[in-house]
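Asks: One structure is given below, represented as structure tokens, and several questions about it will come after.
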Amino acid sequence: MTALSECLFGEAKAISNAANQLDENQVNLSLNIIENCSKQKGKLIISGVGKSGIVARKISATFSSIGLTSIYLNPLDALHGDLGIATIGDAAIFISNSGNTEELIEILPHLKKRSISIISIIGNENSQLALKSDSFLNSYVSREICPLNLAPTASTAVAMAIGDALAAVWMERNNISEKDFA
């Protein structure tokens, strides 16, 4: 087996472990939040910092492609005026491996004041975001595939897989067809 194959198997194992640790009640609550946003013709606001921000952009693009208006909101820009994009009927997904990302924690109360439900995809169930979100999807990984265990690799793969799965299930629940996708 090549080193590259080992890394791919490591990420696949991290995704499999994440699937096994998801709480069914939290998954259903998250899907209901997204469904409610859709029914109210709201936007899905997705945010993260650093590599989690890159994952957030991709998940936002996926939701937009399947018919649910979605935007990526840079948390730093949000704190400097861009929170005006958030309105009643919207929902938000925060992505953070630690669950203690300061910029996300700072914008959370502003979104709550607008009655925006927060779904968090985070790797720390005891974090501030896990405790303050309306729903929490556990993306915990025991180790990154980076040899130094530093670069976000397995954790970003898991977060993206959870976001993609949310989109796929939302599509199924809403009978999105090939024609709708086009």
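Following the order of the structure tokens, first chain is A, next is B, and so on, with residues numbered from 1 inside each chain and ligands from 1 in the order they appear.
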Which residues, written as an MDAnalysis selection string, have at least one atom at most 12 Å from A:Ala12, with only C-alpha atoms counted and residues fewer than 2 positions away on the same chain left out?
Replies: chainID A and resid 5:10 14:19 141 144:145 153:158 161
Asks: Fewer than 3 positions away in the same chain doesn't count, so skip those; otherwise give me all residues within 7 Å of stretch 101-117 of chain A, counting only C-alpha atoms, as a PyMOL selection string.
Replies: chain A and resi 33+75-76+79+87-92+96+98+129+134
Asks: Name all residues at most 12 Å from A:Ser120 (count only C-alpha atoms; drop same-chain ones fewer than 3 positions away) and give them as a ChimeraX atom specification.
Replies: /A:26-27,29-30,33,45-48,52,56,91-101,104-105,108,117,123-125,127-139,159,162-163
Asks: When you look at A:Val169 with a cut-off of 12 Å (counting only C-alpha atoms), what residues show up, excluding the ones that are within fewer than 4 positions of it in the same chain? I need them as JSON, numbers by chain.
Replies: {"A": [27, 28, 30, 31, 32, 34, 35, 63, 66, 162, 163, 164, 165, 173, 174, 175, 176]}
Asks: What would the file look like if the residues just selected were written as an mmCIF file, in the first residue's frame with N, CA, C and O atoms?
Replies:
data_model
loop_
_atom_site.group_PDB
_atom_site.id
_atom_site.type_symbol
_atom_site.label_atom_id
_atom_site.label_comp_id
_atom_site.auth_asym_id
_atom_site.auth_seq_id
_atom_site.Cartn_x
_atom_site.Cartn_y
_atom_site.Cartn_z
ATOM 1 N N VAL A 27 -29.157 15.131 14.257
ATOM 2 C CA VAL A 27 -29.236 15.101 12.794
ATOM 3 C C VAL A 27 -30.628 15.535 12.349
ATOM 4 O O VAL A 27 -30.774 16.399 11.480
ATOM 5 N N ASN A 28 -31.664 14.950 12.952
ATOM 6 C CA ASN A 28 -33.040 15.307 12.581
ATOM 7 C C ASN A 28 -33.339 16.769 12.882
ATOM 8 O O ASN A 28 -33.997 17.447 12.091
ATOM 9 N N SER A 30 -31.155 19.206 12.913
ATOM 10 C CA SER A 30 -30.436 19.982 11.896
ATOM 11 C C SER A 30 -31.199 19.993 10.575
ATOM 12 O O SER A 30 -31.355 21.054 9.949
ATOM 13 N N LEU A 31 -31.669 18.839 10.157
ATOM 14 C CA LEU A 31 -32.436 18.762 8.907
ATOM 15 C C LEU A 31 -33.741 19.543 9.005
ATOM 16 O O LEU A 31 -34.150 20.196 8.036
ATOM 17 N N ASN A 32 -34.384 19.524 10.164
ATOM 18 C CA ASN A 32 -35.612 20.306 10.350
ATOM 19 C C ASN A 32 -35.326 21.809 10.291
ATOM 20 O O ASN A 32 -36.138 22.573 9.764
ATOM 21 N N ILE A 34 -32.939 23.225 8.536
ATOM 22 C CA ILE A 34 -32.722 23.530 7.112
ATOM 23 C C ILE A 34 -34.048 23.525 6.366
ATOM 24 O O ILE A 34 -34.317 24.404 5.542
ATOM 25 N N GLU A 35 -34.901 22.574 6.676
ATOM 26 C CA GLU A 35 -36.216 22.490 6.028
ATOM 27 C C GLU A 35 -37.064 23.731 6.350
ATOM 28 O O GLU A 35 -37.721 24.288 5.470
ATOM 29 N N PHE A 63 -25.350 23.724 -1.562
ATOM 30 C CA PHE A 63 -26.755 24.035 -1.274
ATOM 31 C C PHE A 63 -27.339 24.967 -2.330
ATOM 32 O O PHE A 63 -28.482 24.775 -2.760
ATOM 33 N N ILE A 66 -28.387 23.070 -5.430
ATOM 34 C CA ILE A 66 -29.550 22.186 -5.337
ATOM 35 C C ILE A 66 -30.841 22.934 -5.019
ATOM 36 O O ILE A 66 -31.870 22.320 -4.770
ATOM 37 N N ILE A 162 -20.066 15.715 6.188
ATOM 38 C CA ILE A 162 -21.317 15.975 6.913
ATOM 39 C C ILE A 162 -22.147 17.019 6.165
ATOM 40 O O ILE A 162 -23.359 16.856 5.990
ATOM 41 N N GLY A 163 -21.513 18.079 5.695
ATOM 42 C CA GLY A 163 -22.232 19.093 4.924
ATOM 43 C C GLY A 163 -22.830 18.528 3.651
ATOM 44 O O GLY A 163 -23.986 18.806 3.308
ATOM 45 N N ASP A 164 -22.060 17.699 2.944
ATOM 46 C CA ASP A 164 -22.575 17.063 1.722
ATOM 47 C C ASP A 164 -23.740 16.139 2.042
ATOM 48 O O ASP A 164 -24.719 16.080 1.295
ATOM 49 N N ALA A 165 -23.638 15.405 3.144
ATOM 50 C CA ALA A 165 -24.720 14.490 3.530
ATOM 51 C C ALA A 165 -25.991 15.266 3.867
ATOM 52 O O ALA A 165 -27.096 14.848 3.498
ATOM 53 N N ARG A 173 -35.430 14.632 0.603
ATOM 54 C CA ARG A 173 -36.677 15.008 1.280
ATOM 55 C C ARG A 173 -37.526 15.965 0.456
ATOM 56 O O ARG A 173 -38.738 16.016 0.614
ATOM 57 N N ASN A 174 -36.871 16.740 -0.411
ATOM 58 C CA ASN A 174 -37.579 17.741 -1.209
ATOM 59 C C ASN A 174 -37.769 17.310 -2.662
ATOM 60 O O ASN A 174 -38.145 18.126 -3.500
ATOM 61 N N ASN A 175 -37.475 16.038 -2.925
ATOM 62 C CA ASN A 175 -37.668 15.479 -4.273
ATOM 63 C C ASN A 175 -37.027 16.325 -5.355
ATOM 64 O O ASN A 175 -37.638 16.591 -6.394
ATOM 65 N N ILE A 176 -35.802 16.759 -5.118
ATOM 66 C CA ILE A 176 -35.080 17.553 -6.118
ATOM 67 C C ILE A 176 -34.729 16.632 -7.281
ATOM 68 O O ILE A 176 -34.106 15.591 -7.091
#
Asks: Determine which residues of stretch 121-164 of chain A DSSP labels as helix (DSSP H, G or I) from the backbone of this structure, then write them out as a list in words.
Replies: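 Secondary structure check on stretch 121-164 of chain A, helix (DSSP H, G or I): Gln128, Leu129, Ala130, Leu131, Lys132, Ala154, Ser155, Thr156, Ala157, Val158, Ala159, Met160, Ala161, Ile162, Gly163 and Asp164 of chain A.
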Asks: Could you tell me which of A:Trp170, A:Asp23, A:Phe181, A:Cys146 comes closest to A:Asn36 if we count only C-alpha atoms?
Replies: A:Trp170
